[in-house]
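Enquirer: Got a file for you: input-v1.cif, mmCIF, C-alpha atoms.
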```
data_start
#
loop_
_atom_site.label_atom_id
_atom_site.label_comp_id
_atom_site.auth_asym_id
_atom_site.auth_seq_id
_atom_site.Cartn_x
_atom_site.Cartn_y
_atom_site.Cartn_z
CA MET R 1 71.08 70.38 -68.00
CA PHE R 2 68.38 70.94 -65.41
CA LYS R 3 64.75 70.52 -66.31
CA LEU R 4 61.79 71.96 -64.50
CA ALA R 5 60.11 68.55 -64.37
CA ALA R 6 62.98 67.13 -62.31
CA ARG R 7 62.59 69.59 -59.46
CA PRO R 8 59.91 67.66 -57.50
CA ASN R 9 62.34 64.73 -57.25
CA ILE R 10 65.02 67.05 -55.87
CA TYR R 11 62.54 68.36 -53.31
CA THR R 12 61.54 64.79 -52.38
CA ARG R 13 65.17 63.76 -51.91
CA ALA R 14 65.90 66.80 -49.79
CA SER R 15 62.79 66.29 -47.68
CA LEU R 16 63.63 62.65 -46.96
CA SER R 17 67.24 63.51 -46.12
CA VAL R 18 66.14 66.28 -43.79
CA LEU R 19 63.59 63.97 -42.17
CA THR R 20 66.20 61.30 -41.48
CA ALA R 21 68.82 63.75 -40.28
CA THR R 22 66.29 65.45 -38.01
CA ALA R 23 65.37 62.08 -36.49
CA LEU R 24 69.03 61.19 -36.00
CA PHE R 25 70.18 64.39 -34.34
CA SER R 26 67.02 65.67 -32.64
CA VAL R 27 65.40 62.63 -31.04
CA ALA R 28 68.10 62.39 -28.40
CA SER R 29 67.55 65.99 -27.34
CA VAL R 30 63.81 65.59 -26.85
CA SER R 31 63.89 62.04 -25.51
CA SER R 32 64.01 63.29 -21.91
CA ALA R 33 60.42 64.45 -22.37
CA ILE R 34 59.18 60.90 -23.06
CA PRO R 35 57.48 59.73 -19.85
CA PHE R 36 58.35 56.03 -20.00
CA LEU R 37 62.12 56.43 -20.45
CA ASP R 38 62.57 55.59 -16.77
CA LYS R 39 61.32 52.09 -17.67
CA ASN R 40 64.31 51.43 -19.91
CA LEU R 41 66.31 48.32 -19.19
CA PRO R 42 69.40 48.89 -17.05
CA THR R 43 72.81 48.63 -18.66
CA ASP R 44 73.81 44.97 -18.88
CA LYS R 45 77.28 44.93 -17.32
CA ASP R 46 77.58 41.22 -18.17
CA ALA R 47 76.84 41.67 -21.88
CA VAL R 48 78.85 39.24 -24.00
CA LEU R 49 81.18 40.53 -26.71
CA SER R 50 81.52 38.20 -29.69
CA VAL R 51 84.24 38.83 -32.27
CA GLY R 52 84.93 36.74 -35.32
CA VAL R 53 85.35 36.52 -39.05
CA ASN R 54 82.72 36.15 -41.77
CA VAL R 55 83.12 34.72 -45.26
CA MET R 56 80.52 36.13 -47.64
CA ALA R 57 79.51 34.91 -51.10
CA VAL R 58 77.65 37.70 -52.90
CA LYS R 59 75.74 36.78 -56.08
CA SER R 60 74.96 40.10 -57.66
CA ALA R 61 72.12 40.87 -60.05
CA TYR R 62 74.57 42.90 -62.15
CA ASP R 63 75.59 41.52 -65.55
CA LEU R 64 79.21 40.64 -64.74
CA ASP R 65 81.66 38.06 -66.07
CA ASP R 66 81.63 36.44 -62.63
CA ASN R 67 78.67 37.67 -60.60
CA ALA R 68 79.73 35.68 -57.52
CA GLU R 69 82.08 37.72 -55.31
CA PHE R 70 83.74 36.45 -52.14
CA ARG R 71 84.56 38.74 -49.23
CA VAL R 72 86.18 38.15 -45.84
CA LEU R 73 84.99 40.61 -43.21
CA PRO R 74 85.25 40.93 -39.42
CA GLY R 75 82.09 40.39 -37.38
CA VAL R 76 81.20 41.93 -34.01
CA PHE R 77 78.13 41.21 -31.88
CA TYR R 78 77.40 43.06 -28.63
CA ASP R 79 74.33 44.45 -26.86
CA ASN R 80 74.32 45.94 -23.36
CA ASN R 81 70.85 47.56 -23.63
CA ARG R 82 72.49 50.93 -24.38
CA VAL R 83 74.68 50.33 -27.44
CA TYR R 84 74.88 47.42 -29.84
CA ALA R 85 76.84 45.94 -32.72
CA ARG R 86 75.32 43.39 -35.10
CA GLY R 87 77.77 42.35 -37.75
CA ALA R 88 78.34 45.46 -39.87
CA GLN R 89 75.70 47.58 -38.10
CA ALA R 90 76.39 49.63 -34.97
CA GLY R 91 73.86 51.68 -33.03
CA ALA R 92 72.67 53.22 -29.78
CA TYR R 93 69.27 52.88 -28.10
CA LEU R 94 67.21 55.96 -27.35
CA ILE R 95 64.41 53.81 -25.93
CA ASN R 96 64.77 50.19 -24.85
CA ASP R 97 62.24 48.88 -22.36
CA GLY R 98 62.45 45.27 -23.54
CA THR R 99 59.36 45.59 -25.72
CA ASN R 100 59.94 48.86 -27.57
CA GLN R 101 63.34 49.70 -29.04
CA LEU R 102 64.08 53.02 -30.73
CA SER R 103 67.65 53.42 -31.93
CA VAL R 104 69.96 55.29 -34.27
CA TYR R 105 72.46 53.30 -36.31
CA ALA R 106 75.10 53.34 -39.04
CA GLN R 107 76.05 50.63 -41.52
CA PRO R 108 77.38 50.05 -45.07
CA PHE R 109 74.97 51.17 -47.79
CA GLY R 110 74.31 50.15 -51.37
CA ASN R 111 75.92 47.84 -53.92
CA SER R 112 79.17 47.90 -55.85
CA PHE R 113 79.69 47.70 -59.61
CA ASP R 114 83.24 47.40 -60.92
CA PRO R 115 83.39 47.85 -64.72
CA ASN R 116 86.61 45.83 -64.73
CA ASP R 117 84.48 42.79 -63.89
CA ALA R 118 82.07 43.46 -66.77
CA SER R 119 82.40 42.66 -70.45
CA GLY R 120 81.32 44.32 -73.66
CA ASN R 121 79.92 47.82 -73.50
CA LEU R 122 79.25 47.55 -69.75
CA ALA R 123 83.01 47.68 -69.16
CA GLU R 124 82.90 51.35 -70.27
CA LEU R 125 80.43 52.42 -67.56
CA ASP R 126 81.42 54.30 -64.42
CA GLU R 127 82.10 52.49 -61.15
CA ARG R 128 79.34 52.33 -58.52
CA LYS R 129 80.68 52.31 -54.97
CA ILE R 130 79.38 51.08 -51.62
CA SER R 131 78.58 53.99 -49.32
CA ALA R 132 77.57 54.35 -45.65
CA SER R 133 74.17 55.14 -44.20
CA ALA R 134 72.83 56.51 -40.95
CA GLY R 135 69.29 55.81 -39.89
CA VAL R 136 66.57 55.45 -37.29
CA SER R 137 65.07 52.10 -36.31
CA TYR R 138 61.98 51.20 -34.26
CA GLN R 139 61.33 47.60 -33.20
CA ARG R 140 58.46 46.18 -31.17
CA ARG R 141 58.62 42.70 -29.72
CA THR R 142 55.39 40.69 -29.55
CA PRO R 143 54.49 37.09 -28.59
CA ILE R 144 54.51 36.15 -32.30
CA GLY R 145 57.81 37.82 -33.18
CA ALA R 146 59.31 41.26 -33.67
CA PHE R 147 58.30 43.98 -36.13
CA ARG R 148 60.92 46.52 -37.21
CA ALA R 149 60.68 49.75 -39.23
CA GLN R 150 63.77 51.61 -40.43
CA ILE R 151 64.63 54.68 -42.49
CA ALA R 152 68.16 55.60 -43.57
CA THR R 153 70.04 58.05 -45.78
CA ASP R 154 73.34 57.97 -47.66
CA VAL R 155 75.66 60.04 -45.45
CA LEU R 156 78.65 59.83 -47.83
CA ASP R 157 76.47 61.03 -50.73
CA LYS R 158 77.58 58.40 -53.24
CA SER R 159 74.00 58.13 -54.45
CA GLY R 160 72.37 60.72 -52.19
CA GLY R 161 69.59 58.16 -51.81
CA ASN R 162 67.23 57.20 -49.03
CA THR R 163 65.81 53.81 -48.07
CA ALA R 164 63.13 52.47 -45.77
CA ARG R 165 62.56 48.92 -44.56
CA LEU R 166 59.74 47.03 -42.85
CA THR R 167 60.61 43.62 -41.41
CA TYR R 168 59.06 40.76 -39.47
CA ILE R 169 61.58 38.74 -37.40
CA GLY R 170 60.84 35.34 -35.86
CA ARG R 171 62.87 33.23 -33.45
CA ILE R 172 63.14 29.44 -33.22
CA SER R 173 65.32 27.88 -30.51
CA ALA R 174 66.36 24.25 -30.05
CA ASP R 175 69.08 23.50 -27.53
CA LYS R 176 72.26 25.21 -28.82
CA LEU R 177 70.74 26.27 -32.14
CA THR R 178 68.80 29.51 -32.65
CA ILE R 179 67.22 30.42 -36.00
CA TYR R 180 65.91 33.86 -36.96
CA PRO R 181 63.69 33.83 -40.07
CA SER R 182 62.70 37.27 -41.35
CA PHE R 183 61.00 38.81 -44.36
CA GLY R 184 59.70 42.17 -45.47
CA PHE R 185 59.91 45.00 -47.97
CA GLU R 186 62.57 47.58 -48.69
CA TYR R 187 61.93 50.92 -50.38
CA PHE R 188 64.62 52.57 -52.53
CA ASP R 189 64.13 56.10 -53.78
CA GLU R 190 64.86 57.37 -57.28
CA ASP R 191 68.29 58.78 -56.39
CA TYR R 192 69.47 55.43 -55.03
CA ASN R 193 68.19 53.50 -58.04
CA ASP R 194 69.56 56.01 -60.56
CA TYR R 195 73.06 55.75 -59.09
CA TYR R 196 73.19 51.96 -58.82
CA TYR R 197 71.06 50.99 -61.84
CA GLY R 198 70.74 54.04 -64.06
CA VAL R 199 72.86 54.86 -67.13
CA THR R 200 73.43 58.54 -67.78
CA GLU R 201 73.47 60.17 -71.20
CA ALA R 202 77.21 60.78 -70.79
CA GLU R 203 77.86 57.11 -69.99
CA SER R 204 75.70 56.07 -72.92
CA ALA R 205 77.60 58.30 -75.33
CA LYS R 206 80.92 56.84 -74.10
CA SER R 207 79.93 53.18 -73.90
CA GLY R 208 77.10 52.64 -76.35
CA VAL R 209 74.88 51.26 -73.57
CA GLU R 210 71.30 52.50 -73.79
CA PRO R 211 70.60 55.32 -71.32
CA TYR R 212 68.34 54.33 -68.46
CA LYS R 213 66.63 56.32 -65.73
CA SER R 214 64.96 54.51 -62.84
CA ASN R 215 62.15 55.35 -60.42
CA ASN R 216 61.38 54.49 -56.81
CA SER R 217 61.09 50.77 -56.09
CA LEU R 218 59.70 48.38 -53.48
CA ASN R 219 61.74 45.20 -53.09
CA PRO R 220 60.49 42.12 -51.23
CA TYR R 221 63.18 40.13 -49.43
CA ILE R 222 63.67 37.14 -47.16
CA ASN R 223 66.47 36.36 -44.73
CA ILE R 224 67.37 33.40 -42.51
CA SER R 225 70.06 33.62 -39.82
CA ALA R 226 71.26 30.84 -37.54
CA ASN R 227 73.58 30.72 -34.54
CA TYR R 228 74.99 27.54 -33.02
CA ASP R 229 76.88 27.52 -29.70
CA PHE R 230 79.65 24.93 -29.83
CA ASN R 231 80.64 25.69 -26.22
CA GLU R 232 80.85 28.63 -23.83
CA ASN R 233 83.35 30.50 -26.01
CA TRP R 234 82.85 29.44 -29.61
CA ALA R 235 79.82 29.83 -31.85
CA GLY R 236 79.07 29.39 -35.54
CA PHE R 237 77.00 31.83 -37.55
CA ALA R 238 75.22 31.46 -40.90
CA ASN R 239 73.02 33.76 -42.92
CA GLN R 240 71.20 33.56 -46.23
CA SER R 241 69.49 36.59 -47.76
CA LEU R 242 67.58 36.95 -51.02
CA SER R 243 66.17 40.16 -52.49
CA TYR R 244 63.86 40.34 -55.51
CA LEU R 245 64.45 43.12 -58.03
CA PRO R 246 61.30 44.82 -59.34
CA ASN R 247 61.14 46.26 -62.87
CA GLU R 248 62.57 49.63 -61.79
CA GLN R 249 65.90 47.87 -61.18
CA TYR R 250 65.62 44.77 -63.38
CA ASP R 251 64.97 46.78 -66.57
CA SER R 252 68.41 48.39 -66.23
CA PRO R 253 70.87 47.33 -68.96
CA MET R 254 73.35 46.70 -66.13
CA VAL R 255 71.26 43.83 -64.73
CA ASN R 256 70.70 40.25 -65.86
CA SER R 257 69.06 38.65 -62.80
CA ARG R 258 65.90 39.16 -60.77
CA THR R 259 67.66 38.47 -57.47
CA ASP R 260 70.52 39.62 -55.27
CA ALA R 261 71.70 36.86 -52.92
CA THR R 262 74.25 36.80 -50.11
CA THR R 263 75.45 33.73 -48.22
CA THR R 264 77.49 34.24 -45.04
CA LEU R 265 79.35 31.76 -42.84
CA GLY R 266 81.13 32.91 -39.71
CA LEU R 267 82.97 31.80 -36.61
CA LEU R 268 82.66 33.83 -33.40
CA TYR R 269 84.61 33.88 -30.15
CA LYS R 270 82.70 35.04 -27.07
CA PHE R 271 84.67 36.89 -24.37
#
```
Show the structure stored in the file as structure tokens.
Expert:
Amino acid sequence: MFKLAARPNIYTRASLSVLTATALFSVASVSSAIPFLDKNLPTDKDAVLSVGVNVMAVKSAYDLDDNAEFRVLPGVFYDNNRVYARGAQAGAYLINDGTNQLSVYAQPFGNSFDPNDASGNLAELDERKISASAGVSYQRRTPIGAFRAQIATDVLDKSGGNTARLTYIGRISADKLTIYPSFGFEYFDEDYNDYYYGVTEAESAKSGVEPYKSNNSLNPYINISANYDFNENWAGFANQSLSYLPNEQYDSPMVNSRTDATTTLGLLYKF
């Protein structure tokens, strides 16, 4: 049943989706009018392609029988100043002059909740599925590190949600080891949070779990990545991420932890 009070949220969702889609599909067409595009870096014909495998340990904030899930995924890293691949994210630069980088990208989106892994009343809830997002990213490199702003939308419409992220990225190098510490904030809109953390009236009636409706949230997070070159062809990769759940997500009856954490170990071969 639709309520008049819910309409502003529908308008907000539509506006954000239109904004992201407009940025994705219109920036390229007007980019020729930007005067400093001729300063873009040339295509790097010697760009290195790295392909490997990643083992991920995901410790979910969901209340599951075993909230540690292991995944084995392929990993691809490549950047020739025109297109790039970074793990699960792939994109293309619209502007890349070495200091300013404006790009469009696609990557997996959201969390997953399998009621078969839950116990009690939570096992009667509906499944929440990982989706895919498309977005726009702007990064500026400075002497003290890089600052990145991103906005993305759910293109498969699992949640219909939108997110935005603001990140600081540092770099520490020592011989064959390079470390990238980063931290920032991520915004999730109401549609995203309702899909992944909300409990509808229909689910409540079926399962006995209290209904829950979420709002927009702002999540602080920290991430540390490291790359070690064993030799000219082989490299090791490690990543640790930790995201803090604010009350809009933590108060959900589906959740029993304040944090989502992912640990990744990988081995890469450089062609």
Enquirer: What does the distance from atom CA of R:Pro42 to atom CA of R:Asp97 come to in Å, to one decimal?
Expert: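 These atoms are spaced 8.9 Å apart.
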Enquirer: Please write the residues picked by the PyMOL selection byres ((chain R and resi 103) around 8) on this file as a list in words.
Expert: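 With the PyMOL selection byres ((chain R and resi 103) around 8) on this model, the match is Gly91, Ala92, Tyr93, Leu94, Ile95, Gln101, Leu102, Val104, Tyr105, Val136, Ser137 and Tyr138 of chain R.
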Enquirer: Apply the PyMOL selection byres ((chain R and resi 113-125) around 12) to the file shown and report the selected residues as a PyMOL selection string.
Expert: chain R and resi 60-69+110-112+126-130+195-211+252-256
Enquirer: Would you kindly translate the PyMOL selection byres ((chain R and resi 187) around 6) into the concrete residues it picks from this file, as a count of residues only?
Expert: 6
Enquirer: So which residues touch R:Met56 within 9 Å, counting all atoms listed in the file, skipping near sequence neighbours fewer than 4 positions away, as a ChimeraX atom specification?
Expert: /R:69-73,262-266
Enquirer: With only C-alpha atoms as the basis for distance, which of R:Pro181, R:Arg165, R:Ser225, R:Lys158 is at the shortest distance from R:Gly145?
Expert: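 Smallest distance to R:Gly145 is found for R:Pro181.
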Enquirer: Using all atoms listed in the file, which of R:Phe237, R:Tyr221, R:Tyr84, R:Phe147 sits nearest R:Asp260?
Expert: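 Smallest separation from R:Asp260 among the options: R:Tyr221.
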Enquirer: Go through R:Thr178, R:Ser159, R:Ser257, R:Gln249 and flag the residue nearest R:Tyr228, using only C-alpha atoms for the distances.
Expert: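 Of all the options, R:Thr178 lies closest to R:Tyr228.
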Enquirer: Kindly give the distance, in Å, that separates atom CA of R:Gly236 and atom CA of R:Leu267, rounded to a single decimal.
Expert: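 Answer for the atom CA of R:Gly236 to atom CA of R:Leu267 separation: 4.7 Å.
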Enquirer: Would you list the contacts of R:Asp229 as a PyMOL selection string, taking every protein, DNA or RNA residue within 7 Å and counting all atoms listed in the file, but skipping same-chain residues closer than 3 positions in sequence?
Expert: chain R and resi 176-177+234-236
Enquirer: Enter the distance from atom CA of R:Asn100 to atom CA of R:Val48, in Å, rounded to one decimal.
Expert: 21.5 Å
Enquirer: With a distance cut-off of 10 Å and only C-alpha atoms, select the neighbouring residues of R:Thr43, excluding the residue or stretch itself and same-chain residues fewer than 3 positions from it, and output the selection as JSON, numbers by chain.
Expert: {"R": [40, 46, 47, 79, 80, 81, 82, 83]}
Enquirer: Kindly provide, as a list in words, the polymer residues lying within 9 Å of (63.1, 56.6, -51.6), counting all atoms listed in the file and using the coordinates exactly as they appear in the file.
Expert: Thr12, Arg13, Leu16, Gly161, Asn162, Thr163, Ala164, Tyr187, Phe188, Asp189, Glu190, Asp191, Tyr192, Asn193, Asn215, Asn216 and Ser217 of chain R
Enquirer: Could you check the closest approach to R:Ile179 for each of R:Asn233, R:Ser131, R:Asn227, R:Gln139 and tell me which residue wins, using all atoms listed in the file?
Expert: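 Closest residue, counting all atoms listed in the file: R:Asn227.
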Enquirer: Would you mind telling me which residue in R:Phe77, R:Tyr180, R:Tyr168, R:Tyr212 lies nearest to R:Ile224 when using only C-alpha atoms?
Expert: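 Closest to R:Ile224 of all the choices is R:Tyr180.
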Enquirer: For a quick check of understanding, using all atoms listed in the file, which of R:Ile169, R:Leu245, R:Leu268, R:Val155 has the smallest distance to R:Val51?
Expert: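 Of R:Ile169, R:Leu245, R:Leu268, R:Val155, the one nearest R:Val51 is R:Leu268, counting all atoms listed in the file.
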Enquirer: Place N, CA and C atoms on stretch 157-179 of chain R and deliver the coordinates as a PDB file, in the frame of the given file.
Expert:
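Output file out_8.pdb is given in full below:
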```pdb
ATOM      1  N   ASP R 157      77.001  60.417 -49.507  1.00  0.00           N
ATOM      2  CA  ASP R 157      76.470  61.030 -50.730  1.00  0.00           C
ATOM      3  C   ASP R 157      77.020  60.400 -52.002  1.00  0.00           C
ATOM      4  N   LYS R 158      77.240  59.077 -51.987  1.00  0.00           N
ATOM      5  CA  LYS R 158      77.580  58.400 -53.240  1.00  0.00           C
ATOM      6  C   LYS R 158      76.385  58.440 -54.187  1.00  0.00           C
ATOM      7  N   SER R 159      75.229  58.064 -53.665  1.00  0.00           N
ATOM      8  CA  SER R 159      74.000  58.130 -54.450  1.00  0.00           C
ATOM      9  C   SER R 159      73.110  59.287 -54.014  1.00  0.00           C
ATOM     10  N   GLY R 160      73.287  59.728 -52.754  1.00  0.00           N
ATOM     11  CA  GLY R 160      72.370  60.720 -52.190  1.00  0.00           C
ATOM     12  C   GLY R 160      71.002  60.148 -51.926  1.00  0.00           C
ATOM     13  N   GLY R 161      70.893  58.806 -51.909  1.00  0.00           N
ATOM     14  CA  GLY R 161      69.590  58.160 -51.810  1.00  0.00           C
ATOM     15  C   GLY R 161      69.128  57.912 -50.395  1.00  0.00           C
ATOM     16  N   ASN R 162      67.861  57.537 -50.299  1.00  0.00           N
ATOM     17  CA  ASN R 162      67.230  57.200 -49.030  1.00  0.00           C
ATOM     18  C   ASN R 162      66.530  55.849 -49.173  1.00  0.00           C
ATOM     19  N   THR R 163      66.493  55.097 -48.084  1.00  0.00           N
ATOM     20  CA  THR R 163      65.810  53.810 -48.070  1.00  0.00           C
ATOM     21  C   THR R 163      64.931  53.696 -46.829  1.00  0.00           C
ATOM     22  N   ALA R 164      63.962  52.805 -46.913  1.00  0.00           N
ATOM     23  CA  ALA R 164      63.130  52.470 -45.770  1.00  0.00           C
ATOM     24  C   ALA R 164      62.872  50.972 -45.798  1.00  0.00           C
ATOM     25  N   ARG R 165      62.716  50.378 -44.635  1.00  0.00           N
ATOM     26  CA  ARG R 165      62.560  48.920 -44.560  1.00  0.00           C
ATOM     27  C   ARG R 165      61.556  48.556 -43.486  1.00  0.00           C
ATOM     28  N   LEU R 166      60.703  47.587 -43.801  1.00  0.00           N
ATOM     29  CA  LEU R 166      59.740  47.030 -42.850  1.00  0.00           C
ATOM     30  C   LEU R 166      59.955  45.528 -42.791  1.00  0.00           C
ATOM     31  N   THR R 167      60.189  45.007 -41.571  1.00  0.00           N
ATOM     32  CA  THR R 167      60.610  43.620 -41.410  1.00  0.00           C
ATOM     33  C   THR R 167      59.846  42.927 -40.294  1.00  0.00           C
ATOM     34  N   TYR R 168      59.524  41.653 -40.531  1.00  0.00           N
ATOM     35  CA  TYR R 168      59.060  40.760 -39.470  1.00  0.00           C
ATOM     36  C   TYR R 168      60.212  39.814 -39.142  1.00  0.00           C
ATOM     37  N   ILE R 169      60.481  39.597 -37.843  1.00  0.00           N
ATOM     38  CA  ILE R 169      61.580  38.740 -37.400  1.00  0.00           C
ATOM     39  C   ILE R 169      61.040  37.695 -36.435  1.00  0.00           C
ATOM     40  N   GLY R 170      61.234  36.436 -36.746  1.00  0.00           N
ATOM     41  CA  GLY R 170      60.840  35.340 -35.860  1.00  0.00           C
ATOM     42  C   GLY R 170      62.048  34.772 -35.130  1.00  0.00           C
ATOM     43  N   ARG R 171      61.786  33.877 -34.205  1.00  0.00           N
ATOM     44  CA  ARG R 171      62.870  33.230 -33.450  1.00  0.00           C
ATOM     45  C   ARG R 171      62.470  31.794 -33.152  1.00  0.00           C
ATOM     46  N   ILE R 172      63.352  30.859 -33.482  1.00  0.00           N
ATOM     47  CA  ILE R 172      63.140  29.440 -33.220  1.00  0.00           C
ATOM     48  C   ILE R 172      64.374  28.911 -32.498  1.00  0.00           C
ATOM     49  N   SER R 173      64.191  28.368 -31.308  1.00  0.00           N
ATOM     50  CA  SER R 173      65.320  27.880 -30.510  1.00  0.00           C
ATOM     51  C   SER R 173      65.186  26.391 -30.253  1.00  0.00           C
ATOM     52  N   ALA R 174      66.308  25.679 -30.341  1.00  0.00           N
ATOM     53  CA  ALA R 174      66.360  24.250 -30.050  1.00  0.00           C
ATOM     54  C   ALA R 174      67.740  23.922 -29.507  1.00  0.00           C
ATOM     55  N   ASP R 175      67.818  23.783 -28.183  1.00  0.00           N
ATOM     56  CA  ASP R 175      69.080  23.500 -27.530  1.00  0.00           C
ATOM     57  C   ASP R 175      70.112  24.584 -27.856  1.00  0.00           C
ATOM     58  N   LYS R 176      71.197  24.246 -28.548  1.00  0.00           N
ATOM     59  CA  LYS R 176      72.260  25.210 -28.820  1.00  0.00           C
ATOM     60  C   LYS R 176      72.053  25.987 -30.125  1.00  0.00           C
ATOM     61  N   LEU R 177      71.002  25.655 -30.838  1.00  0.00           N
ATOM     62  CA  LEU R 177      70.740  26.270 -32.140  1.00  0.00           C
ATOM     63  C   LEU R 177      69.606  27.285 -32.035  1.00  0.00           C
ATOM     64  N   THR R 178      69.833  28.487 -32.577  1.00  0.00           N
ATOM     65  CA  THR R 178      68.800  29.510 -32.650  1.00  0.00           C
ATOM     66  C   THR R 178      68.692  29.995 -34.092  1.00  0.00           C
ATOM     67  N   ILE R 179      67.460  30.015 -34.615  1.00  0.00           N
ATOM     68  CA  ILE R 179      67.220  30.420 -36.000  1.00  0.00           C
ATOM     69  C   ILE R 179      66.329  31.653 -36.003  1.00  0.00           C
TER      70      ILE R 179
END
```
